[in-house]
$ cat query_21.txt   # compact mmCIF, C-alpha atoms and all ligand atoms
# COMPACT_ATOMS: atom_id res chain seq x y z
CA MET A 108 -0.51 71.48 9.74
CA VAL A 109 2.98 70.15 10.32
CA LEU A 110 4.34 70.13 13.87
CA VAL A 111 8.04 69.69 14.63
CA ALA A 112 9.83 69.31 17.97
CA ARG A 113 12.04 66.81 19.82
CA ARG A 114 9.38 65.44 22.19
CA GLY A 115 7.31 63.26 19.88
CA ASP A 116 4.92 62.16 22.65
CA LEU A 117 3.86 65.77 23.32
CA LEU A 118 3.49 66.43 19.61
CA SER A 119 1.07 63.48 19.31
CA VAL A 120 -1.05 64.81 22.19
CA LEU A 121 -1.16 68.27 20.59
CA ALA A 122 -1.95 66.81 17.16
CA ALA A 123 -4.87 64.79 18.57
CA GLU A 124 -6.24 67.94 20.23
CA LEU A 125 -5.92 69.99 17.01
CA ILE A 126 -7.64 67.28 14.96
CA ARG A 127 -10.45 66.91 17.53
CA ARG A 128 -11.06 70.65 17.83
CA ASN A 129 -10.57 71.75 14.22
CA GLY A 130 -10.92 68.64 12.06
CA ILE A 131 -7.67 69.45 10.26
CA GLU A 132 -4.94 67.19 8.91
CA VAL A 133 -1.88 67.20 11.19
CA HIS A 134 1.54 65.64 10.58
CA CYS A 135 4.10 65.29 13.38
CA PHE A 136 7.86 65.09 12.90
CA GLN A 137 10.15 64.39 15.79
CA ALA A 138 13.37 66.28 15.00
CA ASP A 139 16.16 68.19 16.68
CA LEU A 140 16.25 71.38 14.61
CA ALA A 141 19.71 72.24 15.94
CA ASP A 142 20.99 69.28 13.93
CA VAL A 143 21.62 69.88 10.23
CA GLY A 144 21.06 66.20 9.31
CA GLN A 145 17.66 66.15 11.01
CA ARG A 146 16.64 69.38 9.26
CA LEU A 147 17.49 67.80 5.91
CA GLN A 148 15.53 64.66 6.88
CA LEU A 149 12.53 66.84 7.77
CA ALA A 150 12.66 68.60 4.39
CA ALA A 151 12.92 65.24 2.58
CA ALA A 152 9.99 63.82 4.55
CA LEU A 153 7.80 66.82 3.65
CA GLU A 154 8.87 66.61 0.01
CA GLU A 155 7.90 62.92 -0.04
CA LYS A 156 4.42 63.85 1.19
CA SER A 157 4.27 66.80 -1.28
CA LEU A 158 3.83 69.20 1.63
CA VAL A 159 4.91 72.79 0.97
CA PRO A 160 4.54 75.24 3.85
CA ASP A 161 2.31 78.21 3.06
CA CYS A 162 3.16 79.57 6.49
CA LEU A 163 6.52 78.65 7.99
CA ILE A 164 6.67 79.47 11.70
CA ASN A 165 10.18 79.38 13.13
CA ASN A 166 9.29 79.24 16.80
CA ALA A 167 11.75 76.74 18.31
CA GLY A 168 14.33 78.62 20.36
CA VAL A 169 16.21 78.37 23.64
CA GLY A 170 17.90 80.71 26.11
CA ASP A 171 20.61 80.30 28.75
CA TYR A 172 20.49 82.44 31.90
CA GLY A 173 23.86 83.42 33.35
CA THR A 174 27.17 84.99 32.47
CA PHE A 175 28.94 84.06 29.25
CA ALA A 176 32.17 83.13 31.04
CA ASP A 177 30.35 80.53 33.16
CA ALA A 178 28.29 79.07 30.29
CA GLU A 179 28.63 75.45 29.23
CA TRP A 180 29.85 75.45 25.65
CA THR A 181 27.41 72.73 24.60
CA ARG A 182 24.48 74.95 25.65
CA VAL A 183 25.93 77.98 23.85
CA GLU A 184 26.54 75.96 20.71
CA ASN A 185 23.03 74.48 20.79
CA MET A 186 21.56 77.98 21.16
CA LEU A 187 23.53 79.34 18.20
CA ARG A 188 22.65 76.33 16.07
CA LEU A 189 18.94 76.36 16.89
CA ASN A 190 18.14 80.08 17.19
CA MET A 191 20.15 81.19 14.15
CA GLU A 192 21.41 78.35 11.96
CA GLY A 193 18.27 76.20 12.22
CA LEU A 194 15.91 79.09 11.52
CA THR A 195 18.00 80.29 8.57
CA HIS A 196 18.41 76.78 7.13
CA LEU A 197 14.68 75.96 7.32
CA ILE A 198 13.81 79.13 5.44
CA HIS A 199 16.47 78.32 2.86
CA LEU A 200 15.12 74.78 2.45
CA PHE A 201 11.46 75.75 2.01
CA LEU A 202 11.74 79.11 0.25
CA PRO A 203 12.27 77.81 -3.32
CA LYS A 204 8.89 76.00 -3.27
CA MET A 205 7.18 79.01 -1.71
CA ILE A 206 8.68 81.27 -4.39
CA GLU A 207 7.55 78.80 -7.06
CA ARG A 208 3.99 79.17 -5.72
CA SER A 209 4.45 82.92 -5.38
CA SER A 210 2.76 82.98 -1.99
CA GLY A 211 3.52 82.32 1.64
CA VAL A 212 4.44 83.78 4.98
CA VAL A 213 7.55 83.29 7.10
CA VAL A 214 7.06 84.03 10.80
CA ASN A 215 10.28 84.23 12.79
CA VAL A 216 9.93 84.29 16.57
CA SER A 217 12.49 86.78 17.85
CA SER A 218 12.25 88.62 21.19
CA ILE A 219 12.25 92.09 22.72
CA ALA A 220 15.75 91.02 23.82
CA SER A 221 16.75 91.57 20.18
CA LEU A 222 16.68 95.34 20.81
CA VAL A 223 19.24 95.58 23.59
CA PRO A 224 22.50 93.95 24.65
CA MET A 225 21.57 91.90 27.72
CA PRO A 226 24.08 90.89 30.39
CA ASP A 227 23.19 87.39 31.72
CA LEU A 228 21.39 86.64 28.45
CA ALA A 229 24.13 87.91 26.16
CA ILE A 230 24.20 85.17 23.52
CA TYR A 231 20.42 84.74 23.51
CA ALA A 232 19.86 88.49 22.93
CA ALA A 233 22.49 88.45 20.18
CA THR A 234 20.82 85.50 18.43
CA LYS A 235 17.50 87.34 18.52
CA ALA A 236 19.11 90.52 17.15
CA TYR A 237 20.22 88.30 14.26
CA VAL A 238 16.67 86.96 13.80
CA SER A 239 15.12 90.45 13.70
CA SER A 240 17.76 91.90 11.40
CA PHE A 241 17.65 88.93 9.01
CA SER A 242 13.84 89.02 8.96
CA GLU A 243 13.72 92.72 8.02
CA ALA A 244 16.17 92.30 5.12
CA LEU A 245 14.53 89.09 3.90
CA ARG A 246 11.13 90.77 3.93
CA ILE A 247 12.39 93.39 1.49
CA GLU A 248 14.13 90.79 -0.71
CA LEU A 249 10.95 88.70 -0.94
CA ARG A 250 8.44 91.48 -1.51
CA GLU A 251 8.41 90.98 -5.27
CA GLN A 252 7.88 87.24 -4.85
CA ASN A 253 4.78 87.88 -2.75
CA ILE A 254 6.23 86.22 0.35
CA ALA A 255 5.64 88.07 3.61
CA VAL A 256 8.07 87.97 6.54
CA LEU A 257 7.06 88.84 10.09
CA SER A 258 9.26 88.88 13.18
CA VAL A 259 7.44 88.37 16.45
CA CYS A 260 9.24 90.02 19.38
CA PRO A 261 7.56 89.03 22.65
CA GLY A 262 8.50 90.19 26.11
CA PRO A 263 8.08 87.67 28.94
CA VAL A 264 5.46 84.95 28.42
CA HIS A 265 4.90 82.03 30.80
CA THR A 266 6.02 78.93 28.88
CA GLY A 267 8.67 76.26 29.34
CA PHE A 268 11.30 78.82 28.30
CA GLY A 269 12.46 79.86 31.80
CA LYS A 270 12.89 76.28 32.99
CA ALA A 271 14.86 75.34 29.87
CA ALA A 272 17.03 78.48 30.13
CA ALA A 273 17.88 77.95 33.82
CA ARG A 274 21.30 76.43 34.46
CA THR A 275 20.27 74.79 37.70
CA GLU A 276 16.93 73.22 38.50
CA GLY A 277 14.53 75.53 40.34
CA GLU A 278 16.63 78.63 39.57
CA GLN A 279 14.50 81.75 40.05
CA ILE A 280 14.89 84.63 37.64
CA LYS A 281 14.59 87.95 39.48
CA GLY A 282 13.52 91.28 38.02
CA VAL A 283 10.48 93.16 36.80
CA ARG A 284 9.60 90.63 34.09
CA GLU A 285 6.35 89.53 35.79
CA TRP A 286 4.93 93.03 35.29
CA PHE A 287 5.40 92.67 31.53
CA CYS A 288 4.11 89.10 31.24
CA ILE A 289 1.23 88.39 28.87
CA PRO A 290 -0.68 85.11 28.39
CA LYS A 291 0.66 82.97 25.52
CA GLU A 292 -2.80 83.02 23.89
CA GLN A 293 -2.57 86.83 23.64
CA CYS A 294 0.93 86.57 22.17
CA VAL A 295 -0.30 84.17 19.49
CA ALA A 296 -3.50 86.12 18.74
CA GLU A 297 -1.61 89.41 18.28
CA SER A 298 0.96 87.65 16.08
CA ILE A 299 -1.73 86.18 13.83
CA ARG A 300 -3.37 89.60 13.55
CA ALA A 301 0.00 91.12 12.58
CA MET A 302 0.43 88.39 9.97
CA ASP A 303 -3.00 89.15 8.51
CA LEU A 304 -2.10 92.86 8.38
CA ASP A 305 1.26 92.07 6.71
CA ARG A 306 3.23 93.82 9.45
CA ALA A 307 7.03 93.56 9.51
CA ARG A 308 7.42 93.28 13.27
CA ILE A 309 5.16 92.88 16.30
CA PHE A 310 5.80 93.39 20.01
CA PRO A 311 2.81 91.60 21.60
CA GLY A 312 1.30 93.26 24.67
CA LEU A 313 0.84 97.00 25.21
CA LYS A 314 3.54 97.37 27.90
CA VAL A 315 6.12 95.54 25.81
CA ALA A 316 5.18 97.56 22.72
CA LEU A 317 5.64 100.80 24.68
CA VAL A 318 9.04 99.68 26.02
CA ALA A 319 10.10 98.73 22.49
CA ALA A 320 9.05 102.15 21.19
CA GLY A 321 10.94 103.80 24.08
CA ILE A 322 14.12 101.82 23.39
CA SER A 323 14.11 102.93 19.76
CA LEU A 324 14.23 106.57 20.95
CA VAL A 325 17.05 106.11 23.48
CA PRO A 326 20.71 106.57 22.49
CA LEU A 327 23.02 103.55 22.89
CA ALA A 328 25.06 105.38 25.56
CA LEU A 329 21.96 105.57 27.79
CA ILE A 330 21.06 101.93 27.12
CA ARG A 331 24.62 100.96 28.19
CA LEU A 332 24.18 102.92 31.42
CA ILE A 333 20.78 101.31 32.17
CA MET A 334 22.00 97.78 31.43
CA ALA A 335 25.14 98.27 33.54
CA ASN A 336 23.14 99.47 36.55
CA ARG A 337 19.98 97.37 36.48
CA PRO A 338 19.65 94.55 39.03
CA ARG A 339 21.25 91.35 37.70
CA ARG A 340 18.69 88.76 36.58
CA VAL A 341 20.22 85.63 38.02
N1 LIG B 401 8.69 82.71 26.82
C1 LIG B 401 9.22 83.89 26.71
O1 LIG B 401 9.26 84.69 27.67
C2 LIG B 401 9.78 84.35 25.39
C3 LIG B 401 10.05 85.71 25.18
C4 LIG B 401 10.55 86.14 23.97
C5 LIG B 401 10.77 85.22 22.95
N2 LIG B 401 10.51 83.91 23.16
C6 LIG B 401 10.77 82.98 22.05
O2 LIG B 401 9.61 82.22 21.80
C7 LIG B 401 9.97 81.00 21.15
C8 LIG B 401 9.20 79.85 21.78
O3 LIG B 401 9.65 79.66 23.09
P1 LIG B 401 8.68 79.35 24.30
O4 LIG B 401 8.61 80.54 25.14
O5 LIG B 401 7.40 78.76 23.82
O6 LIG B 401 9.57 78.27 25.09
P2 LIG B 401 9.33 76.72 25.32
O7 LIG B 401 8.07 76.50 26.05
O8 LIG B 401 10.61 76.22 25.92
O9 LIG B 401 9.14 76.13 23.86
C9 LIG B 401 10.22 75.92 23.00
C10 LIG B 401 9.74 75.02 21.87
O10 LIG B 401 10.84 74.78 20.99
C11 LIG B 401 11.02 73.38 20.84
N3 LIG B 401 12.45 73.12 20.73
C12 LIG B 401 13.42 73.48 21.60
N4 LIG B 401 14.61 73.02 21.17
C13 LIG B 401 14.36 72.37 20.00
C14 LIG B 401 15.18 71.67 19.07
N5 LIG B 401 16.51 71.56 19.26
N6 LIG B 401 14.61 71.12 17.98
C15 LIG B 401 13.26 71.22 17.79
N7 LIG B 401 12.44 71.88 18.62
C16 LIG B 401 12.99 72.44 19.71
C17 LIG B 401 10.45 72.77 22.12
O11 LIG B 401 10.02 71.43 21.93
P3 LIG B 401 10.96 70.18 22.35
O12 LIG B 401 11.61 70.55 23.65
O13 LIG B 401 10.03 69.03 22.42
O14 LIG B 401 11.95 70.04 21.23
C18 LIG B 401 9.24 73.68 22.36
O15 LIG B 401 8.15 73.30 21.58
C19 LIG B 401 11.49 80.88 21.28
O16 LIG B 401 12.08 81.21 20.05
C20 LIG B 401 11.85 81.93 22.33
O17 LIG B 401 13.13 82.44 22.17
C21 LIG B 401 10.01 83.44 24.34
$ encode --input "query_21.txt" --output "structure tokens" --more "lines below"
Ligand SMILES: NC(=O)c1ccc[n+]([C@@H]2O[C@H](COP(=O)([O-])OP(=O)(O)OC[C@H]3O[C@@H](n4cnc5c(N)ncnc54)[C@H](OP(=O)(O)O)[C@@H]3O)[C@@H](O)[C@H]2O)c1
Amino acid sequence: MVLVARRGDLLSVLAAELIRRNGIEVHCFQADLADVGQRLQLAAALEEKSLVPDCLINNAGVGDYGTFADAEWTRVENMLRLNMEGLTHLIHLFLPKMIERSSGVVVNVSSIASLVPMPDLAIYAATKAYVSSFSEALRIELREQNIAVLSVCPGPVHTGFGKAAARTEGEQIKGVREWFCIPKEQCVAESIRAMDLDRARIFPGLKVALVAAGISLVPLALIRLIMANRPRRV
């Protein structure tokens, strides 16, 4: 297993836990995946160790709560680079070897936000719409090469996401999201099951899955009306 994130100290703790519990080989790479140079360094480091991903999980992603006009450009840029460019580049870097082996799975972590335009999370939702759309097309392109592509579209899950997306420390996000929250273990377990079943897309959690099914039946004009009149999140 290869773990990648910016906080190398946390990666080492996680790696030690994975090795202790499962007796597997774990490699850690400290890298900022929003940075093209660091993505290339990661690919070179894996190549040097002859490591080819059989399952590439593009999970790293960030949000930014608040209106677009008030956003700091550096945060917007980082979000675009990580959520879209980084994910796309990593697939592009590792795909040739996966195709050579004629096997593999790409798991792209999207969001239920990919389904609707979201005021106060406008760029984030748009990046996730990109992830879901790209994943669906790629899945069809790669079918003949025996590479599966799954997009995971969670609703709210308690992680570090909210804290990282807040613009000011301690900012509370209002709304009905708590009602839809599922434990992260459930999100992961349902995603792995979907991967085993070669599903194209999964909305973990029954309530989120029902909302997703409902959204697909609602015309855009009604979605506009709902989004314009719902309580603001921030
Ligand atoms: N939590 C939710 O409610 C929710 C709902 C729908 C979708 N999602 C999606 O789920 C995915 C995982 O998020 P999460 O909820 O687990 O949030 P999280 O707790 O903030 O985790 C984000 C992960 O991405 C890594 N990361 C962030 N920026 C990075 C960068 N520039 N380079 C490398 N790694 C980076 C972080 O590690 P470092 O900080 O150490 O780099 C961390 O491991 C994201 O794509 C998110 O959009 C989350």
$ closest_residue --input "query_21.txt" --among "A:Glu207, A:Leu200, A:Val109, A:Glu184" --to "A:Ala151" --atoms "all atoms listed in the file"
A:Leu200
$ residues_near_ligand --input "query_21.txt" --ligand "ligand LIG 401 (chain B)" --cutoff "7 Å" --atoms "only C-alpha atoms and all ligand atoms" --output "JSON, numbers by chain"
{"A": [111, 112, 113, 114, 115, 138, 139, 140, 141, 166, 167, 168, 169, 170, 189, 190, 216, 217, 218, 219, 260, 261, 262, 263, 264, 265, 266, 267, 268, 269, 271]}
$ write_last_selection --input "query_21.txt" --atoms "C-alpha atoms" --output "CSV table (one decimal), in the coordinates of the input"
chain,number,residue,atom,x,y,z
A,111,VAL,CA,8.0,69.7,14.6
A,112,ALA,CA,9.8,69.3,18.0
A,113,ARG,CA,12.0,66.8,19.8
A,114,ARG,CA,9.4,65.4,22.2
A,115,GLY,CA,7.3,63.3,19.9
A,138,ALA,CA,13.4,66.3,15.0
A,139,ASP,CA,16.2,68.2,16.7
A,140,LEU,CA,16.2,71.4,14.6
A,141,ALA,CA,19.7,72.2,15.9
A,166,ASN,CA,9.3,79.2,16.8
A,167,ALA,CA,11.8,76.7,18.3
A,168,GLY,CA,14.3,78.6,20.4
A,169,VAL,CA,16.2,78.4,23.6
A,170,GLY,CA,17.9,80.7,26.1
A,189,LEU,CA,18.9,76.4,16.9
A,190,ASN,CA,18.1,80.1,17.2
A,216,VAL,CA,9.9,84.3,16.6
A,217,SER,CA,12.5,86.8,17.8
A,218,SER,CA,12.2,88.6,21.2
A,219,ILE,CA,12.2,92.1,22.7
A,260,CYS,CA,9.2,90.0,19.4
A,261,PRO,CA,7.6,89.0,22.6
A,262,GLY,CA,8.5,90.2,26.1
A,263,PRO,CA,8.1,87.7,28.9
A,264,VAL,CA,5.5,85.0,28.4
A,265,HIS,CA,4.9,82.0,30.8
A,266,THR,CA,6.0,78.9,28.9
A,267,GLY,CA,8.7,76.3,29.3
A,268,PHE,CA,11.3,78.8,28.3
A,269,GLY,CA,12.5,79.9,31.8
A,271,ALA,CA,14.9,75.3,29.9
$ residues_around --input "query_21.txt" --residues "A:Asp161" --least-positions-apart "4" --cutoff "12 Å" --atoms "all atoms listed in the file" --output "NGL selection string"
:A and (108-109 or 198 or 201-214 or 253-256)
$ write_last_selection --input "query_21.txt" --atoms "C-alpha atoms" --output "PDB file, in the coordinates of the input"
ATOM      1  CA  MET A 108      -0.510  71.480   9.740  1.00  0.00           C
ATOM      2  CA  VAL A 109       2.980  70.150  10.320  1.00  0.00           C
ATOM      3  CA  ILE A 198      13.810  79.130   5.440  1.00  0.00           C
ATOM      4  CA  PHE A 201      11.460  75.750   2.010  1.00  0.00           C
ATOM      5  CA  LEU A 202      11.740  79.110   0.250  1.00  0.00           C
ATOM      6  CA  PRO A 203      12.270  77.810  -3.320  1.00  0.00           C
ATOM      7  CA  LYS A 204       8.890  76.000  -3.270  1.00  0.00           C
ATOM      8  CA  MET A 205       7.180  79.010  -1.710  1.00  0.00           C
ATOM      9  CA  ILE A 206       8.680  81.270  -4.390  1.00  0.00           C
ATOM     10  CA  GLU A 207       7.550  78.800  -7.060  1.00  0.00           C
ATOM     11  CA  ARG A 208       3.990  79.170  -5.720  1.00  0.00           C
ATOM     12  CA  SER A 209       4.450  82.920  -5.380  1.00  0.00           C
ATOM     13  CA  SER A 210       2.760  82.980  -1.990  1.00  0.00           C
ATOM     14  CA  GLY A 211       3.520  82.320   1.640  1.00  0.00           C
ATOM     15  CA  VAL A 212       4.440  83.780   4.980  1.00  0.00           C
ATOM     16  CA  VAL A 213       7.550  83.290   7.100  1.00  0.00           C
ATOM     17  CA  VAL A 214       7.060  84.030  10.800  1.00  0.00           C
ATOM     18  CA  ASN A 253       4.780  87.880  -2.750  1.00  0.00           C
ATOM     19  CA  ILE A 254       6.230  86.220   0.350  1.00  0.00           C
ATOM     20  CA  ALA A 255       5.640  88.070   3.610  1.00  0.00           C
ATOM     21  CA  VAL A 256       8.070  87.970   6.540  1.00  0.00           C
TER      22      VAL A 256
END
$ closest_atom_pairs --input "query_21.txt" --of "stretch 203-254 of chain A" --to "stretch 313-334 of chain A" --cutoff "9 Å" --atoms "all atoms listed in the file" --output "tab-separated table"
residue	atom	partner	partner_atom	distance
A:Ile219	CA	A:Ala319	CA	7.0
A:Leu222	CA	A:Ile322	CA	7.4
A:Val223	CA	A:Ile330	CA	7.5
A:Pro224	CA	A:Met334	CA	7.8
A:Met225	CA	A:Met334	CA	7.0
A:Pro226	CA	A:Met334	CA	7.3
$ atom_distance --input "query_21.txt" --atom1 "atom CA of A:Glu248" --atom2 "atom CA of A:Gly312"
28.5 Å
$ closest_residue --input "query_21.txt" --among "A:Ser298, A:Ser221, A:Gln137, A:Asn129" --to "A:Ile164" --atoms "all atoms listed in the file"
A:Ser298
$ atom_distance --input "query_21.txt" --atom1 "atom CA of A:Ala122" --atom2 "atom CA of A:His134"
7.5 Å
